[in-house]
>>> print(open('start.txt').read())   # compact mmCIF, C-alpha atoms
# COMPACT_ATOMS: atom_id res chain seq x y z
CA MET A 1 127.64 91.98 93.77
CA ILE A 2 129.88 94.90 92.87
CA GLY A 3 131.73 92.75 90.36
CA THR A 4 128.53 91.70 88.65
CA GLU A 5 127.40 95.27 88.44
CA ASN A 6 130.60 96.40 86.79
CA GLY A 7 130.21 93.62 84.26
CA GLN A 8 126.74 94.81 83.41
CA VAL A 9 127.83 98.41 83.03
CA ALA A 10 130.46 97.31 80.51
CA GLN A 11 127.81 95.39 78.59
CA CYS A 12 125.54 98.43 78.54
CA LYS A 13 128.08 100.38 76.50
CA GLN A 14 127.74 97.91 73.66
CA VAL A 15 124.06 98.39 73.04
CA CYS A 16 122.98 101.17 70.75
CA ALA A 17 120.65 102.87 73.15
CA PRO A 18 122.01 101.99 76.53
CA VAL A 19 119.88 103.32 79.29
CA SER A 20 120.02 102.66 82.93
CA MET A 21 117.42 103.94 85.24
CA HIS A 22 116.94 104.65 88.85
CA ALA A 23 113.65 103.63 90.32
CA ARG A 24 113.43 105.47 93.58
CA ALA A 25 110.97 105.01 96.31
CA THR A 26 110.51 105.47 100.00
CA ALA A 27 107.02 104.13 100.36
CA GLY A 28 105.27 101.25 98.64
CA GLY A 29 103.12 103.51 96.49
CA HIS A 30 105.98 105.24 94.71
CA THR A 31 107.79 101.99 94.05
CA ALA A 32 104.69 100.48 92.53
CA GLU A 33 104.22 103.53 90.29
CA MET A 34 107.82 103.48 89.11
CA LEU A 35 107.65 99.77 88.35
CA ARG A 36 104.45 100.29 86.34
CA ALA A 37 106.31 102.89 84.28
CA THR A 38 109.47 100.81 83.80
CA ALA A 39 107.45 97.71 82.92
CA ALA A 40 106.02 99.62 79.95
CA LEU A 41 109.49 100.36 78.54
CA ASP A 42 111.07 98.23 75.82
CA LYS A 43 113.66 96.24 77.76
CA SER A 44 115.82 95.60 74.72
CA CYS A 45 116.42 99.37 74.47
CA TYR A 46 116.81 100.09 78.14
CA ARG A 47 119.56 98.01 79.65
CA PRO A 48 120.93 97.57 82.11
CA ARG A 49 118.22 98.80 84.40
CA ILE A 50 119.56 99.94 87.74
CA TYR A 51 117.01 100.17 90.49
CA VAL A 52 118.15 102.39 93.31
CA TYR A 53 116.30 101.97 96.55
CA ALA A 54 116.53 103.46 100.03
CA ALA A 55 118.78 101.34 102.25
CA THR A 56 116.10 100.26 104.71
CA ASP A 57 113.51 99.68 102.05
CA ASN A 58 113.76 95.96 101.33
CA PHE A 59 110.12 95.99 100.34
CA SER A 60 110.90 98.10 97.27
CA ALA A 61 113.97 96.06 96.41
CA ASN A 62 111.92 92.86 96.44
CA LYS A 63 109.18 94.46 94.35
CA ALA A 64 111.73 95.47 91.71
CA LYS A 65 113.12 91.90 91.62
CA GLU A 66 109.62 90.46 91.31
CA ALA A 67 108.78 92.87 88.47
CA GLU A 68 111.92 91.84 86.58
CA LYS A 69 111.05 88.15 87.04
CA LEU A 70 107.57 88.72 85.65
CA SER A 71 108.90 89.99 82.33
CA PRO A 72 112.40 88.56 81.89
CA SER A 73 114.67 90.10 79.30
CA CYS A 74 115.47 88.23 76.11
CA GLY A 75 119.22 87.94 76.82
CA GLU A 76 120.76 85.08 78.79
CA ALA A 77 122.30 87.12 81.61
CA PRO A 78 120.16 89.34 83.83
CA ASP A 79 120.46 92.93 82.64
CA PHE A 80 119.30 94.70 85.75
CA CYS A 81 120.68 95.32 89.19
CA LEU A 82 119.71 96.84 92.48
CA ARG A 83 121.65 99.44 94.41
CA SER A 84 120.86 100.99 97.73
CA VAL A 85 121.59 104.47 99.07
CA PRO A 86 120.80 105.91 102.51
CA ARG A 87 117.52 107.72 102.88
CA SER A 88 117.36 111.53 102.92
CA ARG A 89 114.71 111.31 105.56
CA GLU A 90 112.53 108.69 107.13
CA VAL A 91 108.77 109.18 107.03
CA GLY A 92 108.01 111.42 110.01
CA GLN A 93 111.61 112.60 110.62
CA SER A 94 111.98 116.29 111.57
CA TYR A 95 113.10 118.77 108.95
CA VAL A 96 116.13 119.81 111.05
CA THR A 97 117.75 116.38 111.29
CA SER A 98 116.72 115.81 107.69
CA VAL A 99 119.42 118.29 106.65
CA LEU A 100 122.20 116.08 108.04
CA THR A 101 120.84 112.83 106.69
CA THR A 102 120.29 114.49 103.32
CA LEU A 103 123.97 115.53 103.12
CA ARG A 104 124.94 111.90 103.71
CA ALA A 105 122.45 110.72 101.09
CA ILE A 106 123.85 113.25 98.58
CA ALA A 107 127.38 111.90 99.04
CA PHE A 108 126.22 108.33 98.38
CA ALA A 109 124.12 109.47 95.43
CA PHE A 110 127.17 111.02 93.76
CA VAL A 111 129.06 107.74 94.16
CA VAL A 112 126.24 105.64 92.70
CA VAL A 113 125.61 107.96 89.74
CA TRP A 114 129.33 108.22 88.96
CA GLN A 115 129.80 104.44 89.09
CA GLU A 116 126.75 103.67 86.95
CA ARG A 117 126.85 106.65 84.54
CA PRO A 118 123.24 106.17 83.42
CA ASP A 119 121.82 107.61 80.21
CA VAL A 120 118.58 108.46 81.88
CA LEU A 121 117.54 108.90 85.45
CA LEU A 122 113.88 108.18 86.06
CA ALA A 123 112.94 109.54 89.44
CA ASN A 124 109.81 109.73 91.51
CA GLY A 125 108.82 109.90 95.12
CA PRO A 126 109.61 112.20 98.00
CA GLY A 127 112.88 113.96 98.95
CA THR A 128 114.89 110.75 98.64
CA CYS A 129 115.23 111.02 94.88
CA ILE A 130 116.54 114.60 94.96
CA PRO A 131 120.17 113.70 95.82
CA LEU A 132 120.36 111.47 92.73
CA CYS A 133 118.89 114.25 90.60
CA PHE A 134 121.46 116.72 91.94
CA ALA A 135 124.30 114.30 91.25
CA VAL A 136 123.16 113.90 87.66
CA LEU A 137 122.83 117.65 87.19
CA VAL A 138 126.27 118.38 88.64
CA PHE A 139 127.98 115.77 86.46
CA ARG A 140 126.04 117.09 83.48
CA GLN A 141 127.07 120.67 84.22
CA LEU A 142 130.69 119.56 84.41
CA ARG A 143 130.17 117.79 81.07
CA LEU A 144 131.22 114.51 82.65
CA MET A 145 128.11 112.70 81.46
CA SER A 146 125.02 113.34 79.39
CA CYS A 147 122.20 111.82 81.35
CA SER A 148 118.56 112.71 80.81
CA LEU A 149 116.55 113.44 83.92
CA ILE A 150 112.87 112.59 83.93
CA TYR A 151 110.78 113.03 87.04
CA ILE A 152 107.41 111.28 87.26
CA GLU A 153 105.11 113.05 89.70
CA SER A 154 102.99 110.77 91.88
CA ILE A 155 99.52 109.87 90.67
CA ALA A 156 98.34 111.10 94.08
CA ARG A 157 99.14 114.68 93.03
CA VAL A 158 96.17 116.27 91.32
CA CYS A 159 96.28 119.98 92.27
CA ARG A 160 99.79 120.66 93.54
CA LEU A 161 103.23 119.26 92.81
CA SER A 162 105.03 117.41 95.60
CA LEU A 163 108.07 119.06 97.22
CA SER A 164 110.45 117.15 94.93
CA GLY A 165 108.33 118.08 91.94
CA LYS A 166 108.34 121.77 92.92
CA ILE A 167 112.11 121.85 93.40
CA LEU A 168 112.71 120.37 89.95
CA TYR A 169 110.01 122.53 88.37
CA HIS A 170 111.21 125.86 89.73
CA LEU A 171 114.88 125.15 89.11
CA GLN A 172 113.94 123.94 85.60
CA MET A 173 116.36 121.07 85.99
CA ALA A 174 114.55 118.07 84.56
CA ASP A 175 114.36 117.26 80.85
CA SER A 176 110.77 116.39 81.51
CA LEU A 177 108.56 116.60 84.53
CA LEU A 178 105.68 114.23 83.95
CA VAL A 179 102.41 114.66 85.78
CA GLN A 180 99.59 112.13 85.69
CA TRP A 181 96.56 114.38 85.62
CA PRO A 182 95.76 116.99 82.93
CA GLU A 183 94.44 119.28 85.70
CA LEU A 184 97.87 119.41 87.30
CA GLN A 185 99.54 120.08 83.96
CA LYS A 186 97.36 123.16 83.52
CA HIS A 187 98.57 124.56 86.84
CA TYR A 188 102.20 124.01 85.90
CA PRO A 189 102.61 124.74 82.17
CA ARG A 190 106.21 123.47 81.95
CA THR A 191 105.17 119.96 82.98
CA ASN A 192 104.08 117.24 80.57
CA TYR A 193 101.10 114.92 80.68
CA ALA A 194 101.34 111.54 78.95
CA GLY A 195 98.72 109.45 80.69
CA ARG A 196 98.72 107.58 83.96
CA VAL A 197 100.44 104.47 85.30
CA TYR A 198 97.09 103.25 86.69
CA MET B 1 73.82 82.50 98.60
CA LYS B 2 76.88 84.75 98.55
CA MET B 3 77.51 86.60 101.80
CA LYS B 4 77.23 90.35 101.51
CA LYS B 5 80.65 91.36 102.78
CA ALA B 6 82.28 94.69 103.67
CA LEU B 7 86.01 95.32 104.02
CA VAL B 8 87.91 97.99 105.90
CA THR B 9 91.58 98.12 104.86
CA VAL B 10 94.49 100.29 106.02
CA GLY B 11 97.03 98.88 103.55
CA THR B 12 100.62 98.09 104.55
CA THR B 13 100.98 100.72 107.27
CA LYS B 14 98.66 101.79 110.06
CA PHE B 15 95.65 104.06 110.29
CA GLU B 16 94.29 103.70 113.79
CA GLU B 17 91.73 106.49 113.44
CA LEU B 18 90.01 104.55 110.67
CA VAL B 19 89.93 101.29 112.66
CA ARG B 20 88.68 103.21 115.70
CA ALA B 21 85.96 104.91 113.62
CA VAL B 22 84.52 101.63 112.33
CA ASP B 23 84.85 99.92 115.72
CA SER B 24 81.44 101.16 116.76
CA PRO B 25 77.98 99.62 117.21
CA ALA B 26 76.58 102.47 115.09
CA PHE B 27 78.76 101.41 112.16
CA ALA B 28 77.82 97.73 112.57
CA GLU B 29 74.19 98.79 112.66
CA VAL B 30 74.29 100.71 109.37
CA LEU B 31 75.93 97.72 107.67
CA GLN B 32 73.17 95.43 108.93
CA LYS B 33 70.57 97.93 107.81
CA HIS B 34 71.94 97.59 104.27
CA GLY B 35 71.92 93.81 104.40
CA PHE B 36 75.61 93.10 105.11
CA GLN B 37 76.39 89.81 106.82
CA GLU B 38 80.14 90.12 107.25
CA LEU B 39 82.65 92.86 108.08
CA VAL B 40 86.40 92.27 107.69
CA ILE B 41 88.73 94.83 109.28
CA GLN B 42 92.37 94.77 108.17
CA THR B 43 94.38 96.65 110.81
CA GLY B 44 97.93 96.65 109.36
CA THR B 45 100.69 97.57 111.81
CA GLY B 46 98.33 99.56 114.02
CA ARG B 47 98.05 98.58 117.70
CA TYR B 48 94.38 99.48 118.04
CA LEU B 49 92.22 96.40 117.59
CA PRO B 50 88.44 96.65 117.15
CA ARG B 51 87.69 95.45 120.67
CA LYS B 52 84.30 97.12 120.89
CA LEU B 53 82.97 94.92 118.11
CA VAL B 54 85.28 91.94 118.71
CA PRO B 55 85.94 91.77 122.49
CA HIS B 56 88.05 88.58 122.30
CA GLY B 57 89.89 86.68 119.63
CA GLN B 58 89.67 87.31 115.92
CA GLN B 59 85.94 87.33 115.27
CA ALA B 60 82.56 87.92 116.88
CA HIS B 61 78.91 88.17 115.97
CA VAL B 62 77.39 91.59 116.44
CA GLN B 63 73.74 90.67 116.19
CA GLY B 64 73.47 89.35 112.62
CA LEU B 65 76.86 90.67 111.48
CA LEU B 66 80.03 88.55 111.57
CA VAL B 67 82.95 90.86 112.35
CA ARG B 68 86.50 89.57 111.73
CA HIS B 69 89.81 91.36 112.06
CA LEU B 70 93.26 90.52 110.74
CA ASN B 71 96.49 92.50 110.46
CA PHE B 72 97.64 91.44 107.00
CA THR B 73 96.57 89.11 104.25
CA SER B 74 98.56 87.86 101.31
CA SER B 75 95.45 87.84 99.14
CA LEU B 76 94.07 91.35 99.54
CA THR B 77 93.03 91.43 95.88
CA GLU B 78 90.89 88.30 96.28
CA LEU B 79 89.44 89.63 99.51
CA MET B 80 88.62 92.95 97.81
CA SER B 81 86.93 91.29 94.87
CA SER B 82 84.70 89.27 97.21
CA CYS B 83 83.34 92.40 98.89
CA CYS B 84 80.39 94.64 97.97
CA LEU B 85 81.76 97.54 100.00
CA ILE B 86 85.39 98.54 100.50
CA ILE B 87 86.38 101.25 102.93
CA SER B 88 90.05 101.89 102.27
CA HIS B 89 92.78 104.26 103.35
CA ALA B 90 93.55 106.65 100.51
CA GLY B 91 96.97 105.29 99.49
CA SER B 92 97.16 105.23 95.70
CA GLY B 93 98.06 101.52 95.54
CA SER B 94 94.99 100.45 97.50
CA ILE B 95 92.67 102.86 95.70
CA PHE B 96 93.61 101.72 92.20
CA GLU B 97 93.69 98.09 93.28
CA ALA B 98 90.14 98.45 94.60
CA LEU B 99 88.98 100.37 91.52
CA THR B 100 90.34 97.80 89.09
CA CYS B 101 89.78 94.44 90.83
CA THR B 102 86.11 94.92 91.63
CA SER B 103 82.96 95.09 89.55
CA SER B 104 80.93 98.25 89.30
CA SER B 105 78.49 96.87 91.86
CA THR B 106 81.19 97.13 94.55
CA ARG B 107 81.08 100.48 96.30
CA LEU B 108 84.26 102.17 97.35
CA VAL B 109 84.78 104.67 100.16
CA VAL B 110 88.28 106.09 100.63
CA VAL B 111 89.48 107.80 103.77
CA PRO B 112 92.54 110.07 103.51
CA ASN B 113 94.82 109.88 106.56
CA PRO B 114 95.01 113.49 107.80
CA ASN B 115 98.17 112.75 109.84
CA LEU B 116 100.36 112.18 106.79
CA MET B 117 102.61 114.98 105.54
CA ASP B 118 100.45 117.92 104.34
CA ASN B 119 97.50 115.50 104.14
CA HIS B 120 98.69 114.51 100.67
CA GLN B 121 96.19 111.66 100.27
CA ALA B 122 93.22 114.02 100.28
CA GLU B 123 93.82 115.36 96.74
CA LEU B 124 93.52 111.99 95.02
CA GLY B 125 90.54 110.84 97.06
CA GLN B 126 88.62 114.04 96.43
CA HIS B 127 89.52 114.08 92.73
CA LEU B 128 88.35 110.50 92.14
CA ALA B 129 85.22 111.27 94.16
CA ALA B 130 84.50 114.29 91.95
CA MET B 131 84.87 111.96 88.93
CA GLY B 132 82.26 109.66 90.46
CA HIS B 133 84.49 106.60 90.90
CA LEU B 134 84.22 106.52 94.68
CA VAL B 135 83.15 108.39 97.79
CA CYS B 136 85.67 110.25 99.93
CA ALA B 137 85.14 110.39 103.70
CA THR B 138 86.89 111.28 106.95
CA PRO B 139 88.00 108.82 109.69
CA ASP B 140 84.97 109.51 111.80
CA THR B 141 82.14 107.14 112.72
CA ASP B 142 79.34 109.56 111.80
CA ALA B 143 80.92 110.38 108.43
CA LEU B 144 81.37 106.70 107.58
CA VAL B 145 77.84 105.82 108.67
CA ALA B 146 76.53 108.64 106.45
CA ALA B 147 78.71 107.46 103.55
CA VAL B 148 77.41 103.87 103.78
CA ASP B 149 73.86 105.19 104.04
CA THR B 150 74.07 107.33 100.90
CA LEU B 151 76.14 104.91 98.76
CA PRO B 152 73.28 102.94 97.17
CA SER B 153 71.92 106.18 95.67
CA VAL B 154 75.27 107.19 94.11
CA PRO B 155 76.08 105.36 90.85
CA ARG B 156 79.74 104.32 90.42
CA VAL B 157 81.39 105.59 87.24
CA PRO B 158 83.55 102.76 85.78
CA PHE B 159 87.29 103.41 85.97
CA VAL B 160 89.49 102.78 82.93
CA LYS B 161 92.95 101.78 84.10
CA GLY B 162 95.94 103.57 82.58
CA THR B 163 98.65 101.43 80.98
CA ALA B 164 101.73 103.67 81.32
CA SER B 165 102.31 103.26 77.58
CA GLY B 166 102.01 107.02 77.03
CA ILE B 167 104.63 107.60 79.68
CA ALA B 168 106.90 104.99 78.08
CA SER B 169 106.67 106.63 74.64
CA HIS B 170 107.35 110.02 76.20
CA ILE B 171 110.51 108.61 77.80
CA ASP B 172 111.48 107.06 74.44
CA ASP B 173 111.08 110.44 72.73
CA ILE B 174 113.47 112.07 75.17
CA VAL B 175 116.03 109.30 75.59
CA LEU B 176 116.19 107.28 72.40
CA LEU B 177 115.84 110.16 69.97
CA LYS B 178 118.30 112.53 71.62
>>> encode(input="start.txt", output="structure tokens")
Amino acid sequence: MIGTENGQVAQCKQVCAPVSMHARATAGGHTAEMLRATAALDKSCYRPRIYVYAATDNFSANKAKEAEKLSPSCGEAPDFCLRSVPRSREVGQSYVTSVLTTLRAIAFAFVVVWQERPDVLLANGPGTCIPLCFAVLVFRQLRLMSCSLIYIESIARVCRLSLSGKILYHLQMADSLLVQWPELQKHYPRTNYAGRVY
Amino acid sequence: MKMKKALVTVGTTKFEELVRAVDSPAFAEVLQKHGFQELVIQTGTGRYLPRKLVPHGQQAHVQGLLVRHLNFTSSLTELMSSCCLIISHAGSGSIFEALTCTSSSTRLVVVPNPNLMDNHQAELGQHLAAMGHLVCATPDTDALVAAVDTLPSVPRVPFVKGTASGIASHIDDIVLLK
């Protein structure tokens, strides 16, 4: 699996606009939203596509595989892969123990981002995506990679940003913070609205 | 003649308060009053089964109403599109599935789960209700009975599904043109 991934990363450097992405999700809803967004992208421009999922979330991993099967890429070899990282927190976990599990998730996120060196990180969902975002920002700050960071706020958010959305908004870290309702964009002027996934 | 069918769905997780709220003779009664012949309750991973309406097994007749329960189905979309009334948890996947796979004659009631972190499902349910696409209710028998009772007088505004193409071009603008 690792070998295959490395092969695909090498291939990605040959295309003119190589972009790998991280579809993050902890619950079914966020995965489905991310896959709606990635399905709308031109696959010939965005390859390889790297779907990062929470380690215990086989549901999301399978959904990503299914989505790729539905619209196969033109090339002969598959130009996507799946990678897992530990969760920052499980649904319902206390905020105190979340600190420890988040530190572990951050370490793994740095490894994944360094190995894949994506051109864009597409993130959505709860706290789980934040470690990947931090890894990208640190590597960017150190000028070790130039990776765009785009966060897509959940369609369920109409009046307030989620916690992940707020962190990225207030730290002004993302290249774009997309919201899916014009009402929400008005509350947070530095966000962008470009339609909905549903 | 096609059976007039109602569906209660909790999606892929559990929402026991919703199953408990519809597991009531008063709820069965309001469905019958509006001409429903069948009620399907999808319980997900929840342990609470609707034993007031279905004392044994998977189905029972409550006067003229056939009540069935199941935990999961692989064909939720088909089930949804065969129903005239869908009472769903307020997860975005289920809501948009129900809004897009049914005709405008199907009425939709969504019930946010108040136990989820900062009750985050309520925003979407209330917003879509304000837009006239559905009715938003609480997991409470009286509230659901009232919702079913008032539904026929509330017209459903058709929902136009987004395609994500705007989001894709926005990503292109940032990534491909940088």
>>> residues_near_point(input="start.txt", point="(106.8, 101.3, 83.0)", cutoff="12 Å", atoms="only C-alpha atoms", output="PyMOL selection string")
(chain A and resi 21+23+31-43+46+49+64+67-68+71+122+152+195-198) or (chain B and resi 162-172)
>>> atom_distance(input="start.txt", atom1="CA of Thr141 (chain B)", atom2="CA of Arg68 (chain B)")
18.1 Å
>>> interface_residues(input="start.txt", of="chain B", to="chain A", cutoff="12 Å", atoms="only C-alpha atoms", output="PyMOL selection string")
chain B and resi 11-13+90-100+112+115-128+130+159-178
>>> write_last_selection(input="start.txt", atoms="C-alpha atoms", output="mmCIF file, in the frame of the given file")
data_model
loop_
_atom_site.group_PDB
_atom_site.id
_atom_site.type_symbol
_atom_site.label_atom_id
_atom_site.label_comp_id
_atom_site.auth_asym_id
_atom_site.auth_seq_id
_atom_site.Cartn_x
_atom_site.Cartn_y
_atom_site.Cartn_z
ATOM 1 C CA GLY B 11 97.030 98.880 103.550
ATOM 2 C CA THR B 12 100.620 98.090 104.550
ATOM 3 C CA THR B 13 100.980 100.720 107.270
ATOM 4 C CA ALA B 90 93.550 106.650 100.510
ATOM 5 C CA GLY B 91 96.970 105.290 99.490
ATOM 6 C CA SER B 92 97.160 105.230 95.700
ATOM 7 C CA GLY B 93 98.060 101.520 95.540
ATOM 8 C CA SER B 94 94.990 100.450 97.500
ATOM 9 C CA ILE B 95 92.670 102.860 95.700
ATOM 10 C CA PHE B 96 93.610 101.720 92.200
ATOM 11 C CA GLU B 97 93.690 98.090 93.280
ATOM 12 C CA ALA B 98 90.140 98.450 94.600
ATOM 13 C CA LEU B 99 88.980 100.370 91.520
ATOM 14 C CA THR B 100 90.340 97.800 89.090
ATOM 15 C CA PRO B 112 92.540 110.070 103.510
ATOM 16 C CA ASN B 115 98.170 112.750 109.840
ATOM 17 C CA LEU B 116 100.360 112.180 106.790
ATOM 18 C CA MET B 117 102.610 114.980 105.540
ATOM 19 C CA ASP B 118 100.450 117.920 104.340
ATOM 20 C CA ASN B 119 97.500 115.500 104.140
ATOM 21 C CA HIS B 120 98.690 114.510 100.670
ATOM 22 C CA GLN B 121 96.190 111.660 100.270
ATOM 23 C CA ALA B 122 93.220 114.020 100.280
ATOM 24 C CA GLU B 123 93.820 115.360 96.740
ATOM 25 C CA LEU B 124 93.520 111.990 95.020
ATOM 26 C CA GLY B 125 90.540 110.840 97.060
ATOM 27 C CA GLN B 126 88.620 114.040 96.430
ATOM 28 C CA HIS B 127 89.520 114.080 92.730
ATOM 29 C CA LEU B 128 88.350 110.500 92.140
ATOM 30 C CA ALA B 130 84.500 114.290 91.950
ATOM 31 C CA PHE B 159 87.290 103.410 85.970
ATOM 32 C CA VAL B 160 89.490 102.780 82.930
ATOM 33 C CA LYS B 161 92.950 101.780 84.100
ATOM 34 C CA GLY B 162 95.940 103.570 82.580
ATOM 35 C CA THR B 163 98.650 101.430 80.980
ATOM 36 C CA ALA B 164 101.730 103.670 81.320
ATOM 37 C CA SER B 165 102.310 103.260 77.580
ATOM 38 C CA GLY B 166 102.010 107.020 77.030
ATOM 39 C CA ILE B 167 104.630 107.600 79.680
ATOM 40 C CA ALA B 168 106.900 104.990 78.080
ATOM 41 C CA SER B 169 106.670 106.630 74.640
ATOM 42 C CA HIS B 170 107.350 110.020 76.200
ATOM 43 C CA ILE B 171 110.510 108.610 77.800
ATOM 44 C CA ASP B 172 111.480 107.060 74.440
ATOM 45 C CA ASP B 173 111.080 110.440 72.730
ATOM 46 C CA ILE B 174 113.470 112.070 75.170
ATOM 47 C CA VAL B 175 116.030 109.300 75.590
ATOM 48 C CA LEU B 176 116.190 107.280 72.400
ATOM 49 C CA LEU B 177 115.840 110.160 69.970
ATOM 50 C CA LYS B 178 118.300 112.530 71.620
#
>>> atom_distance(input="start.txt", atom1="CA of Cys129 (chain A)", atom2="CA of Ser88 (chain A)")
8.3 Å
>>> atom_distance(input="start.txt", atom1="CA of Ala21 (chain B)", atom2="CA of Cys83 (chain B)")
19.5 Å
>>> axis_aligned_box(input="start.txt", around="region 71-79 of chain B", padding_each_side="4 Å", output="JSON")
{"center_x": 94.0, "center_y": 90.2, "center_z": 103.2, "size_x": 17.1, "size_y": 12.7, "size_z": 22.6}
>>> residues_around(input="start.txt", residues="Gln32 (chain B)", least_positions_apart="6", cutoff="10 Å", atoms="all atoms listed in the file", output="ChimeraX atom specification")
/B:4,26,38-39,62-65
>>> residues_near_point(input="start.txt", point="(78.0, 93.5, 105.4)", cutoff="10 Å", atoms="all atoms listed in the file", output="short mmCIF file (atom, residue, chain, number, x, y, z; two decimals) with C-alpha atoms, in the frame of the given file")
data_model
loop_
_atom_site.label_atom_id
_atom_site.label_comp_id
_atom_site.auth_asym_id
_atom_site.auth_seq_id
_atom_site.Cartn_x
_atom_site.Cartn_y
_atom_site.Cartn_z
CA MET B 3 77.51 86.60 101.80
CA LYS B 4 77.23 90.35 101.51
CA LYS B 5 80.65 91.36 102.78
CA ALA B 6 82.28 94.69 103.67
CA LEU B 7 86.01 95.32 104.02
CA ALA B 28 77.82 97.73 112.57
CA GLU B 29 74.19 98.79 112.66
CA VAL B 30 74.29 100.71 109.37
CA LEU B 31 75.93 97.72 107.67
CA GLN B 32 73.17 95.43 108.93
CA LYS B 33 70.57 97.93 107.81
CA HIS B 34 71.94 97.59 104.27
CA GLY B 35 71.92 93.81 104.40
CA PHE B 36 75.61 93.10 105.11
CA GLN B 37 76.39 89.81 106.82
CA GLU B 38 80.14 90.12 107.25
CA LEU B 39 82.65 92.86 108.08
CA VAL B 40 86.40 92.27 107.69
CA GLY B 64 73.47 89.35 112.62
CA LEU B 65 76.86 90.67 111.48
CA LEU B 66 80.03 88.55 111.57
CA VAL B 67 82.95 90.86 112.35
CA CYS B 83 83.34 92.40 98.89
CA CYS B 84 80.39 94.64 97.97
CA LEU B 85 81.76 97.54 100.00
#
>>> residues_around(input="start.txt", residues="Val113 (chain A)", least_positions_apart="6", cutoff="9 Å", atoms="all atoms listed in the file", output="ChimeraX atom specification")
/A:132,135-136,139
>>> closest_residue(input="start.txt", among="A:Ser60, A:Gln93, A:Ser164, A:Ser98", to="Cys133 (chain A)", atoms="only C-alpha atoms")
A:Ser164
>>> residues_around(input="start.txt", residues="Thr102 (chain A)", least_positions_apart="3", cutoff="10 Å", atoms="only C-alpha atoms", output="MDAnalysis selection string")
chainID A and resid 86:89 97:99 105:108 127:128 130:131
>>> decode(input="start.txt", residues="region 98-142 of chain A", atoms="C-alpha atoms", output="short mmCIF file (atom, residue, chain, number, x, y, z; two decimals), in the first residue's frame")
data_model
loop_
_atom_site.label_atom_id
_atom_site.label_comp_id
_atom_site.auth_asym_id
_atom_site.auth_seq_id
_atom_site.Cartn_x
_atom_site.Cartn_y
_atom_site.Cartn_z
CA SER A 98 -9.57 15.15 23.65
CA VAL A 99 -6.39 17.15 24.30
CA LEU A 100 -4.26 14.00 24.49
CA THR A 101 -5.83 12.27 21.52
CA THR A 102 -5.52 15.49 19.53
CA LEU A 103 -1.75 15.65 20.18
CA ARG A 104 -1.45 12.12 18.81
CA ALA A 105 -3.58 13.01 15.79
CA ILE A 106 -1.40 16.09 15.13
CA ALA A 107 1.76 13.95 15.05
CA PHE A 108 0.22 11.57 12.51
CA ALA A 109 -1.13 14.49 10.48
CA PHE A 110 2.36 15.96 10.11
CA VAL A 111 3.64 12.61 8.84
CA VAL A 112 0.85 12.22 6.29
CA VAL A 113 1.10 15.80 4.99
CA TRP A 114 4.90 15.59 4.74
CA GLN A 115 4.77 12.28 2.86
CA GLU A 116 2.08 13.39 0.42
CA ARG A 117 3.04 17.08 -0.01
CA PRO A 118 -0.35 18.04 -1.47
CA ASP A 119 -0.94 21.18 -3.51
CA VAL A 120 -4.27 21.75 -1.88
CA LEU A 121 -5.85 20.53 1.29
CA LEU A 122 -9.62 20.42 1.16
CA ALA A 123 -10.94 20.05 4.66
CA ASN A 124 -14.32 19.83 6.28
CA GLY A 125 -15.91 18.35 9.33
CA PRO A 126 -15.30 18.63 13.05
CA GLY A 127 -12.03 18.89 15.02
CA THR A 128 -10.49 15.95 13.20
CA CYS A 129 -9.46 18.01 10.20
CA ILE A 130 -7.67 20.65 12.27
CA PRO A 131 -4.42 18.67 12.78
CA LEU A 132 -4.02 18.35 9.00
CA CYS A 133 -4.66 22.07 8.58
CA PHE A 134 -2.03 22.88 11.21
CA ALA A 135 0.50 20.59 9.55
CA VAL A 136 -0.04 22.34 6.22
CA LEU A 137 0.28 25.77 7.81
CA VAL A 138 3.49 24.88 9.67
CA PHE A 139 5.15 23.44 6.56
CA ARG A 140 3.98 26.49 4.62
CA GLN A 141 5.39 28.87 7.22
CA LEU A 142 8.71 27.05 7.06
#
